[in-house]
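S.K.: Take a look at this one; I'll ask things after.
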Amino acid sequence: MEGVDDSAGTANQADLHDENKRYCWVCFATDEDDYTALWVQPCQCSGTTRWVHETCLQRWVDEKQKGNSLERVHCPQCNTQYIIVFPPIGKLILVLDIADRIIYRVCPFIAAGVVIGSIYWTAVTYGALTIMQAVGAKEGLALMEQSDPLFLLIGLPTVPVMLILGRLVRWEEALLGFLNKNIPRVPIVKHLLPTFQVASNCVRPHAQSTETPPFSDPVSATRVLCGALVFPTMAVLFGKLLFHPVRSNLQKTFFGGIAFLALKGVLKIYYKQQILIRQHQRRVLDFAKQLTDVKGRKNTSSNP
């Protein structure tokens, strides 16, 4: 029994010696590795993890703060906030430090204001150019000079906004769905528009038509934006080409815009309908038959 007690006492002394031994939880070094290193106990951890080299802790704090001396740093084990103090500084350095902090906090708001202001005045300029383009340069300038400045500052930016919102209306898809659903039921009309009859005969329960890309798609968003901003120019161009006898520039632009939308809608509906028919008529060939067709084509192409 005495031998057992002696071994237990030796083990306890070894554990106590290991507990009193200092280990740096950053670099895992001990007193034996560097006798000149300074040690600190910055948190509430117990055991060997409560010790850390001061230089190692300083580097670790620098990594956590990332240049922001106001950032709070906590112990990764016990989550105790480190008490960090700085030596006193002069009044000039204090003023510069306060100014730097103010600039750091204010700059994001200034940048956001500059961006929003740039977008706003760009929208105002575009709205003014659109009005001059629609009713004429002289008439547009006279109209804006006679208008209230506050009304112009509020109304002109809404011009591109309304154009973009109008471009988001997918009326062609709605009209195409209505025609595909109702034209095959009318005996006379289905002979005048046979493509809708072909599509109704080829419909499969699991078939899906080609869908318009969602607005979250960056390509689709830029396409909507460009289409909305180009629409006034296309309306003026179509008005001059198709409605030249009309004297009023505003009426000419209005009729030109309707004609452009109608032509664009008809072409888009026709394109969508042909893609729909093509997808409904697709087939998946058997593997053996596909190999036979490929070999037959190769033999045909090789023979003169």
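Chain labels follow the order of the structure tokens: the first chain is A, the next B, and so on; residue numbering restarts at 1 in every chain, and ligands are counted from 1 in their shown order.
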Which residues are near region 113-121 of chain A? Cut-off 12 Å, only C-alpha atoms, ignore same chain within fewer than 2 positions. Put them as number ranges by chain.
M.R.: A: 106-111, 123-128, 152-161
S.K.: Go ahead and save the residues from that selection, with C-alpha atoms, as a PDB file, in the first residue's frame.
M.R.:
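again-v4.pdb, written as the output of this step:
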```
ATOM      1  CA  VAL A 106     -19.038  59.870 -42.447  1.00  0.00           C
ATOM      2  CA  CYS A 107     -17.366  58.824 -45.717  1.00  0.00           C
ATOM      3  CA  PRO A 108     -19.805  55.952 -46.522  1.00  0.00           C
ATOM      4  CA  PHE A 109     -22.779  58.335 -46.226  1.00  0.00           C
ATOM      5  CA  ILE A 110     -21.057  60.954 -48.396  1.00  0.00           C
ATOM      6  CA  ALA A 111     -20.258  58.342 -51.047  1.00  0.00           C
ATOM      7  CA  ALA A 123     -32.527  60.902 -64.569  1.00  0.00           C
ATOM      8  CA  VAL A 124     -33.432  64.626 -64.661  1.00  0.00           C
ATOM      9  CA  THR A 125     -31.243  65.169 -67.725  1.00  0.00           C
ATOM     10  CA  TYR A 126     -32.642  62.108 -69.481  1.00  0.00           C
ATOM     11  CA  GLY A 127     -36.213  63.221 -68.727  1.00  0.00           C
ATOM     12  CA  ALA A 128     -35.549  66.680 -70.181  1.00  0.00           C
ATOM     13  CA  LEU A 152     -39.639  69.685 -63.127  1.00  0.00           C
ATOM     14  CA  LEU A 153     -37.367  68.460 -60.340  1.00  0.00           C
ATOM     15  CA  ILE A 154     -40.008  65.933 -59.332  1.00  0.00           C
ATOM     16  CA  GLY A 155     -41.489  65.069 -62.705  1.00  0.00           C
ATOM     17  CA  LEU A 156     -38.426  64.758 -64.943  1.00  0.00           C
ATOM     18  CA  PRO A 157     -36.781  61.900 -62.965  1.00  0.00           C
ATOM     19  CA  THR A 158     -40.024  59.913 -63.190  1.00  0.00           C
ATOM     20  CA  VAL A 159     -39.701  59.695 -66.982  1.00  0.00           C
ATOM     21  CA  PRO A 160     -36.982  56.976 -67.022  1.00  0.00           C
ATOM     22  CA  VAL A 161     -38.604  55.296 -64.012  1.00  0.00           C
TER      23      VAL A 161
END
```
S.K.: Please identify all polymer residues within 10 Å of Arg170 (chain A), counting only C-alpha atoms, omitting same-chain residues fewer than 4 positions from it, and present them as a list in words.
M.R.: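 Using only C-alpha atoms, the neighbours found are Gly166, Ala174, Leu175, Thr212 and Gly265 of chain A.
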S.K.: Kindly indicate which residue among A:Val246, A:Cys45, A:Leu176, A:Cys226 lies nearest to Leu163 (chain A), using only C-alpha atoms for the distances.
M.R.: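 Checking each candidate against Leu163 (chain A), we get A:Cys226 as the closest.
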S.K.: Please indicate the distance in Å from CA of Lys138 (chain A) to CA of Ser248 (chain A), rounded to one decimal place.
M.R.: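 Separation of CA of Lys138 (chain A) and CA of Ser248 (chain A): 13.1 Å.
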S.K.: Run DSSP on the backbone and give me the residues of region 29-227 of chain A it puts in helix (DSSP H, G or I), as JSON, numbers by chain.
M.R.: {"A": [47, 48, 49, 50, 54, 55, 56, 57, 58, 59, 60, 61, 62, 63, 64, 65, 91, 92, 93, 94, 95, 96, 97, 98, 99, 100, 101, 102, 103, 104, 105, 106, 107, 108, 109, 110, 111, 112, 113, 114, 115, 116, 117, 118, 119, 120, 121, 122, 123, 124, 125, 126, 127, 128, 129, 130, 131, 132, 133, 134, 135, 137, 138, 139, 140, 141, 142, 143, 144, 145, 146, 149, 150, 151, 152, 153, 154, 155, 158, 159, 160, 161, 162, 163, 164, 165, 166, 167, 171, 172, 173, 174, 175, 176, 177, 178, 179, 180, 181, 182, 183, 184, 185, 187, 188, 189, 190, 191, 192, 194, 195, 196, 197, 198, 199, 200, 201, 218, 219, 220, 221, 222, 223, 224, 225, 226, 227]}
S.K.: Once you have the residues from the selection above, write them out as a compact mmCIF listing (two decimals), in the first residue's frame, restricted to C-alpha atoms.
M.R.:
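The resulting file, again_30.txt, is shown below:
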```txt
# COMPACT_ATOMS: atom_id res chain seq x y z
CA GLY A 47 -4.67 25.88 -16.10
CA THR A 48 -2.02 26.11 -18.75
CA THR A 49 -4.23 28.04 -21.19
CA ARG A 50 -4.27 31.12 -18.99
CA GLU A 54 2.81 39.22 -24.60
CA THR A 55 4.33 39.47 -28.08
CA CYS A 56 2.18 36.60 -29.34
CA LEU A 57 -0.92 38.18 -27.84
CA GLN A 58 -0.07 41.55 -29.40
CA ARG A 59 0.19 39.96 -32.86
CA TRP A 60 -3.07 38.11 -32.31
CA VAL A 61 -4.83 41.36 -31.24
CA ASP A 62 -3.46 43.11 -34.35
CA GLU A 63 -4.94 40.37 -36.54
CA LYS A 64 -8.34 40.72 -34.86
CA GLN A 65 -8.47 44.50 -34.90
CA LYS A 91 -3.61 67.13 -27.85
CA LEU A 92 -2.70 67.38 -31.53
CA ILE A 93 -2.63 63.61 -31.94
CA LEU A 94 -5.94 63.38 -30.06
CA VAL A 95 -7.57 65.91 -32.40
CA LEU A 96 -6.22 64.09 -35.45
CA ASP A 97 -7.44 60.77 -34.09
CA ILE A 98 -10.96 62.14 -33.51
CA ALA A 99 -10.98 63.67 -37.00
CA ASP A 100 -9.90 60.36 -38.49
CA ARG A 101 -12.72 58.52 -36.71
CA ILE A 102 -15.30 61.06 -37.86
CA ILE A 103 -14.11 60.82 -41.45
CA TYR A 104 -14.16 57.03 -41.24
CA ARG A 105 -17.83 57.06 -40.17
CA VAL A 106 -19.04 59.87 -42.45
CA CYS A 107 -17.37 58.82 -45.72
CA PRO A 108 -19.80 55.95 -46.52
CA PHE A 109 -22.78 58.33 -46.23
CA ILE A 110 -21.06 60.95 -48.40
CA ALA A 111 -20.26 58.34 -51.05
CA ALA A 112 -23.86 57.09 -51.00
CA GLY A 113 -25.13 60.66 -51.36
CA VAL A 114 -22.84 61.30 -54.32
CA VAL A 115 -24.00 58.12 -56.06
CA ILE A 116 -27.69 58.84 -55.42
CA GLY A 117 -27.26 62.46 -56.52
CA SER A 118 -25.51 61.39 -59.72
CA ILE A 119 -28.31 58.96 -60.52
CA TYR A 120 -30.94 61.62 -59.76
CA TRP A 121 -29.42 64.31 -61.97
CA THR A 122 -28.83 61.78 -64.73
CA ALA A 123 -32.53 60.90 -64.57
CA VAL A 124 -33.43 64.63 -64.66
CA THR A 125 -31.24 65.17 -67.73
CA TYR A 126 -32.64 62.11 -69.48
CA GLY A 127 -36.21 63.22 -68.73
CA ALA A 128 -35.55 66.68 -70.18
CA LEU A 129 -33.94 65.22 -73.32
CA THR A 130 -36.86 62.83 -73.75
CA ILE A 131 -39.39 65.67 -73.60
CA MET A 132 -37.38 67.70 -76.11
CA GLN A 133 -37.13 64.63 -78.34
CA ALA A 134 -40.85 63.88 -78.14
CA VAL A 135 -42.33 67.35 -78.70
CA ALA A 137 -36.40 70.97 -79.19
CA LYS A 138 -37.94 74.47 -79.23
CA GLU A 139 -41.34 73.35 -77.96
CA GLY A 140 -39.73 71.27 -75.22
CA LEU A 141 -37.55 74.15 -74.02
CA ALA A 142 -40.52 76.52 -74.02
CA LEU A 143 -42.65 73.98 -72.13
CA MET A 144 -40.00 73.46 -69.43
CA GLU A 145 -39.35 77.21 -69.08
CA GLN A 146 -43.05 77.80 -68.43
CA PRO A 149 -39.13 74.32 -61.27
CA LEU A 150 -40.30 72.12 -58.39
CA PHE A 151 -42.57 70.22 -60.77
CA LEU A 152 -39.64 69.69 -63.13
CA LEU A 153 -37.37 68.46 -60.34
CA ILE A 154 -40.01 65.93 -59.33
CA GLY A 155 -41.49 65.07 -62.70
CA THR A 158 -40.02 59.91 -63.19
CA VAL A 159 -39.70 59.70 -66.98
CA PRO A 160 -36.98 56.98 -67.02
CA VAL A 161 -38.60 55.30 -64.01
CA MET A 162 -41.95 54.99 -65.82
CA LEU A 163 -40.22 53.75 -68.96
CA ILE A 164 -38.47 51.00 -67.01
CA LEU A 165 -41.68 50.02 -65.21
CA GLY A 166 -43.51 49.89 -68.52
CA ARG A 167 -40.77 47.72 -69.99
CA TRP A 171 -47.81 41.71 -72.28
CA GLU A 172 -46.53 39.61 -75.19
CA GLU A 173 -46.31 36.46 -73.04
CA ALA A 174 -49.82 37.04 -71.66
CA LEU A 175 -51.25 37.58 -75.16
CA LEU A 176 -49.46 34.50 -76.49
CA GLY A 177 -50.89 32.35 -73.71
CA PHE A 178 -54.37 33.71 -74.37
CA LEU A 179 -54.10 33.01 -78.10
CA ASN A 180 -52.76 29.48 -77.59
CA LYS A 181 -55.63 28.74 -75.25
CA ASN A 182 -58.56 30.27 -77.15
CA ILE A 183 -57.75 30.35 -80.89
CA PRO A 184 -57.98 26.55 -81.43
CA ARG A 185 -61.56 26.68 -80.10
CA PRO A 187 -63.18 27.19 -86.16
CA ILE A 188 -62.70 30.18 -88.45
CA VAL A 189 -59.77 31.83 -86.70
CA LYS A 190 -57.77 28.63 -86.34
CA HIS A 191 -57.59 28.39 -90.16
CA LEU A 192 -56.34 31.97 -90.40
CA PRO A 194 -52.66 27.68 -88.31
CA THR A 195 -49.54 27.83 -86.15
CA PHE A 196 -51.67 28.02 -83.01
CA GLN A 197 -53.58 24.93 -84.17
CA VAL A 198 -50.31 23.07 -84.72
CA ALA A 199 -49.14 24.01 -81.23
CA SER A 200 -52.40 22.83 -79.65
CA ASN A 201 -52.16 19.47 -81.43
CA PRO A 218 -27.95 40.51 -64.86
CA VAL A 219 -28.25 40.10 -68.64
CA SER A 220 -32.04 40.40 -68.49
CA ALA A 221 -31.84 43.45 -66.19
CA THR A 222 -29.49 45.30 -68.55
CA ARG A 223 -31.70 44.34 -71.49
CA VAL A 224 -34.75 45.80 -69.76
CA LEU A 225 -32.85 48.98 -68.92
CA CYS A 226 -31.50 49.46 -72.43
CA GLY A 227 -34.88 48.68 -74.01
```
S.K.: Which residues, written as a VMD selection string, have at least one atom at most 8 Å from His53 (chain A), with only C-alpha atoms counted and residues fewer than 6 positions away on the same chain left out?
M.R.: chain A and resid 24 26 37 to 40
S.K.: If you count only C-alpha atoms, which residues fall within 12 Å of region 235-239 of chain A, apart from same-chain ones fewer than 4 positions away, as a ChimeraX atom specification?
M.R.: /A:130-136,227-231,243-264
S.K.: Return as a list in words the full set of residues in region 47-274 of chain A whose backbone-based DSSP assignment is strand (DSSP E or B).
M.R.: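 Of region 47-274 of chain A, only Val52, His53, His74 and Gln81 of chain A fall in strand (DSSP E or B).
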S.K.: For N, CA and C atoms, I'd like the residues from the last selection saved as an mmCIF file, in the first residue's frame.
M.R.:
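Written out: again_34.cif:
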```cif
data_model
loop_
_atom_site.group_PDB
_atom_site.id
_atom_site.type_symbol
_atom_site.label_atom_id
_atom_site.label_comp_id
_atom_site.auth_asym_id
_atom_site.auth_seq_id
_atom_site.Cartn_x
_atom_site.Cartn_y
_atom_site.Cartn_z
ATOM 1 N N VAL A 52 0.072 33.325 -21.865
ATOM 2 C CA VAL A 52 0.349 33.617 -23.260
ATOM 3 C C VAL A 52 1.492 34.626 -23.311
ATOM 4 N N HIS A 53 2.335 34.485 -24.313
ATOM 5 C CA HIS A 53 3.390 35.477 -24.510
ATOM 6 C C HIS A 53 2.773 36.835 -24.844
ATOM 7 N N HIS A 74 -11.785 39.575 -27.720
ATOM 8 C CA HIS A 74 -12.174 38.660 -26.656
ATOM 9 C C HIS A 74 -11.313 37.402 -26.710
ATOM 10 N N GLN A 81 -13.395 39.776 -22.442
ATOM 11 C CA GLN A 81 -12.876 40.908 -23.209
ATOM 12 C C GLN A 81 -11.530 41.348 -22.632
#
```
S.K.: Separation of CA of Leu242 (chain A) and CA of Leu267 (chain A), in Å?
M.R.: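 About the pair CA of Leu242 (chain A) and CA of Leu267 (chain A): they are 17.9 Å apart.
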S.K.: Could you state the separation of CA of Gln77 (chain A) and CA of Trp51 (chain A) in Å, given to one decimal place?
M.R.: 12.2 Å
